[in-house]
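*Asks:* Enclosed is the structure file start31.csv (CSV, C-alpha atoms).
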```csv
chain,number,residue,atom,x,y,z
A,800,TYR,CA,102.5,89.1,93.5
A,801,TYR,CA,98.8,88.1,93.6
A,802,GLU,CA,96.6,85.4,92.1
A,803,TYR,CA,93.1,86.8,91.6
A,804,VAL,CA,89.9,86.3,89.5
A,805,ASP,CA,89.3,89.0,87.0
A,806,GLU,CA,85.9,90.5,85.9
A,807,GLU,CA,85.4,87.7,83.4
A,808,GLY,CA,85.9,85.0,86.1
A,809,LYS,CA,89.4,84.0,84.8
A,810,LYS,CA,92.3,83.4,87.1
A,811,GLN,CA,95.1,86.0,86.7
A,812,ARG,CA,98.4,86.7,88.4
A,813,GLY,CA,100.0,90.0,88.7
A,814,TYR,CA,101.3,92.9,90.7
A,815,LEU,CA,98.2,94.9,91.8
A,816,LEU,CA,100.1,98.0,92.7
A,817,ASP,CA,101.8,98.0,89.3
A,818,GLU,CA,98.4,97.7,87.6
A,819,LEU,CA,97.0,100.5,89.7
A,820,LEU,CA,99.9,102.7,88.7
A,821,ASP,CA,99.6,101.6,85.1
A,822,LEU,CA,103.1,100.0,85.0
A,823,THR,CA,103.6,97.3,82.4
A,824,PRO,CA,106.2,94.8,83.6
A,825,VAL,CA,107.4,91.8,81.6
A,826,GLY,CA,106.9,88.9,83.9
A,827,SER,CA,108.1,90.0,87.2
A,828,LEU,CA,110.4,92.7,85.8
A,829,SER,CA,109.6,96.4,86.0
A,830,ALA,CA,109.4,98.5,82.8
A,831,ASN,CA,112.6,100.3,83.9
A,832,LEU,CA,114.5,97.0,84.2
A,833,VAL,CA,113.2,95.7,80.9
A,834,GLU,CA,114.3,98.9,79.2
A,835,GLN,CA,117.8,98.5,80.8
A,836,ALA,CA,118.0,94.8,79.7
A,837,VAL,CA,117.1,95.7,76.1
A,838,ASP,CA,119.4,98.7,76.0
A,839,ASN,CA,122.3,96.6,77.3
A,840,ALA,CA,121.6,93.7,74.9
A,841,ILE,CA,122.0,96.1,72.0
A,842,LYS,CA,125.5,97.0,73.0
A,843,LEU,CA,126.7,93.9,74.9
A,844,SER,CA,126.4,90.1,74.9
A,845,TYR,CA,123.5,88.7,76.9
A,846,ARG,CA,126.0,87.4,79.5
A,847,LYS,CA,127.6,90.8,79.9
A,848,SER,CA,124.2,92.5,80.0
A,849,ALA,CA,123.2,90.3,82.9
A,850,GLU,CA,126.4,91.1,84.8
A,851,ASP,CA,126.0,94.8,84.2
A,852,ILE,CA,122.4,94.8,85.5
A,853,ASN,CA,123.3,92.7,88.5
A,854,ARG,CA,126.1,95.0,89.4
A,855,LYS,CA,123.9,98.1,89.1
A,856,SER,CA,120.8,96.8,90.8
A,857,ASN,CA,119.7,94.4,93.5
A,858,VAL,CA,118.2,92.0,90.9
A,859,ASN,CA,119.9,88.7,90.2
A,860,MET,CA,119.4,88.2,86.5
A,861,SER,CA,120.8,85.4,84.3
A,862,HIS,CA,121.9,85.9,80.7
A,863,GLN,CA,119.0,83.6,79.7
A,864,ARG,CA,116.5,85.9,81.4
A,865,VAL,CA,118.0,88.9,79.5
A,866,TRP,CA,117.5,86.9,76.2
A,867,ASN,CA,113.9,85.9,77.2
A,868,THR,CA,113.1,89.5,77.9
A,869,VAL,CA,114.5,90.8,74.6
A,870,GLN,CA,112.5,88.1,72.8
A,871,LYS,CA,109.3,89.1,74.6
A,872,ILE,CA,109.8,92.8,73.7
A,873,GLY,CA,110.6,91.8,70.1
A,874,GLU,CA,107.4,89.8,69.8
A,875,ALA,CA,105.4,92.7,71.4
A,876,ILE,CA,106.8,95.1,68.8
A,877,LYS,CA,106.0,92.7,66.0
A,878,ASP,CA,102.4,92.4,67.2
A,879,GLU,CA,102.1,96.2,67.4
A,880,GLU,CA,103.6,96.6,63.9
A,881,LYS,CA,101.2,93.9,62.4
A,882,HIS,CA,98.2,95.7,64.0
A,883,ARG,CA,99.4,99.1,62.6
A,884,VAL,CA,99.8,97.6,59.1
A,885,LYS,CA,96.3,96.1,59.2
A,886,ARG,CA,94.9,99.4,60.2
A,887,TYR,CA,96.9,101.1,57.4
A,888,GLN,CA,95.6,98.6,54.8
A,889,LYS,CA,92.1,99.3,55.9
A,890,ARG,CA,92.9,103.1,55.6
A,891,GLU,CA,92.1,103.6,59.3
A,892,LEU,CA,95.3,105.5,60.1
A,893,LYS,CA,95.4,109.3,59.8
A,894,GLY,CA,98.2,111.2,61.4
A,895,GLU,CA,97.8,114.8,62.3
A,896,LYS,CA,101.1,116.2,61.2
A,897,GLU,CA,101.1,118.1,57.9
A,898,CYS,CA,104.0,118.1,55.5
A,899,SER,CA,104.0,118.7,51.7
A,900,ILE,CA,107.3,116.9,51.0
A,901,LEU,CA,108.7,113.9,52.7
A,902,TYR,CA,112.1,112.4,52.2
A,903,GLU,CA,112.8,108.7,52.4
A,904,GLU,CA,116.3,107.0,52.2
A,905,LYS,CA,116.4,103.2,51.8
A,906,ASP,CA,119.3,100.9,51.9
A,907,GLY,CA,120.1,97.2,52.7
A,908,LEU,CA,122.9,95.6,54.7
A,909,TRP,CA,123.8,92.0,54.3
A,910,LEU,CA,124.5,90.3,57.6
A,911,SER,CA,125.7,86.9,58.8
A,912,ILE,CA,123.1,85.6,61.2
A,913,GLN,CA,123.9,83.1,63.9
A,914,GLY,CA,122.4,79.7,63.1
A,915,GLU,CA,121.7,80.6,59.5
A,916,ARG,CA,123.7,79.3,56.5
A,917,ARG,CA,123.2,82.3,54.3
A,918,LYS,CA,123.5,86.0,54.9
A,919,LYS,CA,120.2,88.0,55.3
A,920,GLU,CA,119.5,91.5,54.1
A,921,LEU,CA,118.5,94.0,56.8
A,922,LYS,CA,116.4,96.6,55.0
A,923,MET,CA,116.5,100.1,56.4
A,924,ALA,CA,114.6,103.3,55.9
A,925,LYS,CA,115.2,106.7,57.2
A,926,VAL,CA,112.2,109.1,56.8
A,927,TYR,CA,112.4,112.9,57.4
A,928,GLU,CA,110.8,116.2,56.6
A,929,GLY,CA,113.9,118.1,55.5
A,930,TRP,CA,117.0,119.5,57.1
A,931,GLN,CA,118.3,122.5,59.1
A,932,LYS,CA,121.7,123.8,60.3
A,933,LYS,CA,122.9,122.2,63.5
A,934,SER,CA,123.4,125.6,65.0
A,935,PRO,CA,123.5,129.2,63.7
A,936,GLY,CA,126.5,129.8,61.5
A,937,SER,CA,127.3,126.1,61.3
A,938,ASN,CA,128.2,124.3,58.0
A,939,GLU,CA,126.7,121.1,59.3
A,940,TYR,CA,123.1,120.0,58.9
A,941,LYS,CA,120.7,117.6,60.6
A,942,THR,CA,117.5,116.1,59.4
A,943,VAL,CA,114.2,117.2,60.9
A,944,GLY,CA,111.3,114.9,62.0
A,945,THR,CA,113.4,111.8,61.6
A,946,PHE,CA,112.4,108.2,62.2
A,947,TYR,CA,113.8,104.9,61.2
A,948,VAL,CA,112.4,101.5,60.2
A,949,ALA,CA,114.4,98.3,59.9
A,950,GLY,CA,113.7,94.7,59.3
A,951,TYR,CA,114.4,91.4,57.4
A,952,GLU,CA,111.0,91.3,55.8
A,953,ASP,CA,110.4,91.0,52.1
A,954,THR,CA,109.9,94.2,50.1
A,955,GLU,CA,106.1,94.5,50.2
A,956,VAL,CA,105.9,93.8,54.0
A,957,PHE,CA,108.8,96.3,54.6
A,958,ASP,CA,107.1,99.0,52.5
A,959,ASN,CA,103.9,98.5,54.5
A,960,LEU,CA,105.8,98.9,57.7
A,961,VAL,CA,107.4,102.2,56.5
A,962,ASN,CA,104.1,103.5,55.0
A,963,SER,CA,102.0,102.6,58.0
A,964,LYS,CA,104.4,104.4,60.2
A,965,ILE,CA,104.2,107.5,57.9
A,966,ALA,CA,100.4,107.3,57.9
A,967,SER,CA,100.3,107.1,61.8
A,968,ILE,CA,102.2,110.3,62.0
A,969,TYR,CA,101.3,112.4,58.9
A,970,ASP,CA,98.1,113.3,57.1
A,971,GLU,CA,98.9,111.5,53.9
A,972,GLU,CA,96.5,113.7,51.8
A,973,LYS,CA,98.8,116.7,52.5
A,974,ILE,CA,101.9,114.9,51.3
A,975,GLU,CA,102.4,116.1,47.7
A,976,LYS,CA,105.7,114.4,47.0
A,977,LYS,CA,107.9,111.7,48.5
A,978,ILE,CA,111.5,111.9,47.5
A,979,LEU,CA,113.0,108.4,47.6
A,980,ASN,CA,116.8,108.2,47.8
A,981,GLY,CA,118.4,104.8,47.1
A,982,ASP,CA,121.2,102.9,45.4
A,983,GLY,CA,119.1,101.4,42.6
A,984,ALA,CA,118.4,98.1,44.2
A,985,LYS,CA,115.2,96.4,42.8
A,986,TRP,CA,113.4,96.3,46.1
A,987,ILE,CA,114.0,100.0,46.6
A,988,ASP,CA,112.7,100.9,43.1
A,989,GLN,CA,109.6,98.7,43.4
A,990,GLU,CA,107.5,101.2,45.4
A,991,ALA,CA,108.5,104.1,43.1
A,992,LYS,CA,107.0,102.2,40.1
A,993,MET,CA,103.6,102.0,41.8
A,994,ASP,CA,103.3,105.5,43.2
A,995,ALA,CA,103.3,108.5,40.8
A,996,ASN,CA,103.9,110.9,43.8
A,997,ILE,CA,107.4,109.3,44.4
A,998,VAL,CA,110.4,111.0,42.9
A,999,LYS,CA,113.3,108.7,42.8
A,1000,GLN,CA,116.9,109.9,43.3
A,1001,LEU,CA,120.0,107.7,42.9
```
Write the structure described by the file as structure tokens, please.

*Replies:*
Amino acid sequence: YYEYVDEEGKKQRGYLLDELLDLTPVGSLSANLVEQAVDNAIKLSYRKSAEDINRKSNVNMSHQRVWNTVQKIGEAIKDEEKHRVKRYQKRELKGEKECSILYEEKDGLWLSIQGERRKKELKMAKVYEGWQKKSPGSNEYKTVGTFYVAGYEDTEVFDNLVNSKIASIYDEEKIEKKILNGDGAKWIDQEAKMDANIVKQL
């Protein structure tokens, strides 16, 4: 761990070898350990996540450090999403993938959040190009080109998150129709009212 002066004359601290190898640690944690901490925290409590990491590695990690790591990653994802939405609103995003019909399923889930008096709605969207059989001769199908977006944002912000993700992957000029599947909730119908290329299905 080094303290050094960068090209602009500012004092910096970091792992020079990690920088040379283009590793992006969070604090003093390697990307691999950060990934493990976040993955664990999805399934376990922060305390049990720390215990699991300590048992599997030579790192001594507290539950508070796991929490801090998850928060830092969350903030980094938020910043990345905000930047993507800004570029989308300026029409700077142009994905390369071509698809004439895109399917979008939206739904909400009301959850009790620790420290909050009221339940909050987690909005979710699943976007895909179509479906295909899981294997030859199978009666089961799987969606193709699938990605998900989820968040507690209001409707307009959430729609921008979904559409900016679509614009970063697909050439929007080639999308002739978007098939929107939802349960009739007002926030789901809102986008369909503003876009003539959206076909709504209940």

*Asks:* Could you list, as a VMD selection string, every residue within 9 Å of Ile978 (chain A), counting all atoms listed in the file and ignoring same-chain residues fewer than 4 positions away?

*Replies:* chain A and resid 900 to 904 996 to 1000

*Asks:* Do a neighbour search on Leu960 (chain A) at 9 Å with only C-alpha atoms, toss out local chain neighbours closer than 5 positions, and write the hits as a PDB file with C-alpha atoms, in the coordinates of the input.

*Replies:*
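Full text of result-v2.pdb as output:
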```pdb
ATOM      1  CA  GLU A 880     103.600  96.600  63.900  1.00  0.00           C
ATOM      2  CA  LYS A 881     101.200  93.900  62.400  1.00  0.00           C
ATOM      3  CA  ARG A 883      99.400  99.100  62.600  1.00  0.00           C
ATOM      4  CA  VAL A 884      99.800  97.600  59.100  1.00  0.00           C
ATOM      5  CA  VAL A 948     112.400 101.500  60.200  1.00  0.00           C
ATOM      6  CA  ALA A 949     114.400  98.300  59.900  1.00  0.00           C
ATOM      7  CA  GLU A 955     106.100  94.500  50.200  1.00  0.00           C
ATOM      8  CA  ILE A 965     104.200 107.500  57.900  1.00  0.00           C
TER       9      ILE A 965
END
```

*Asks:* Counting all atoms listed in the file, which of A:Asp953, A:Glu818, A:Glu895, A:Glu879 gets nearest to Lys973 (chain A)?

*Replies:*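 Checking each candidate against Lys973 (chain A), we get A:Glu895 as the closest.
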
*Asks:* Extract, using only C-alpha atoms, all DNA, RNA and protein residues at most 6 Å from Gln811 (chain A), discarding same-chain residues fewer than 2 positions from it, and format them as number ranges by chain.

*Replies:* A: 802-804

*Asks:* So that I have them on file, write out the residues from the current selection with C-alpha atoms, as a CSV table (one decimal), in the coordinates of the input.

*Replies:*
```csv
chain,number,residue,atom,x,y,z
A,802,GLU,CA,96.6,85.4,92.1
A,803,TYR,CA,93.1,86.8,91.6
A,804,VAL,CA,89.9,86.3,89.5
```

*Asks:* Pick the closest to Gly983 (chain A) from A:Met860, A:Leu1001, A:Leu832, A:Cys898: which is it, counting all atoms listed in the file?

*Replies:* A:Leu1001

*Asks:* To one decimal in Å, tell me the separation between CA of Ala830 (chain A) and CA of Met923 (chain A).

*Replies:*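 One can read the CA of Ala830 (chain A) to CA of Met923 (chain A) distance as 27.4 Å.
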
*Asks:* Would you mind telling me which residue in A:Gly808, A:Gly813, A:Gly944, A:Gly873 lies nearest to Lys925 (chain A) when using only C-alpha atoms?

*Replies:*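 Looking only at the distances to Lys925 (chain A), the closest residue turns out to be A:Gly944.
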
*Asks:* Can you tell me how far CA of Lys918 (chain A) sits from CA of Tyr951 (chain A), in Å to one decimal?

*Replies:*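 Atom-to-atom, CA of Lys918 (chain A) and CA of Tyr951 (chain A) are spaced 10.9 Å apart.
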
*Asks:* Please compute the CA of Ser861 (chain A)-CA of Leu910 (chain A) distance, one decimal, in Å.

*Replies:*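 Taking CA of Ser861 (chain A) as the start and CA of Leu910 (chain A) as the end point, the length is 27.4 Å.
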
*Asks:* Give me the residues near Glu990 (chain A) as number ranges by chain, where near means some atom within 10 Å (using only C-alpha atoms) and where sequence neighbours in that chain fewer than 4 positions away do not count.

*Replies:* A: 954-955, 958, 979, 985-986, 994-995, 997, 999

*Asks:* Restricting the calculation to only C-alpha atoms: of A:Lys847, A:Arg812, A:Lys871, A:Lys922, which residue gets closest to Val833 (chain A)?

*Replies:*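 Under the stated criterion, the closest residue is A:Lys871.
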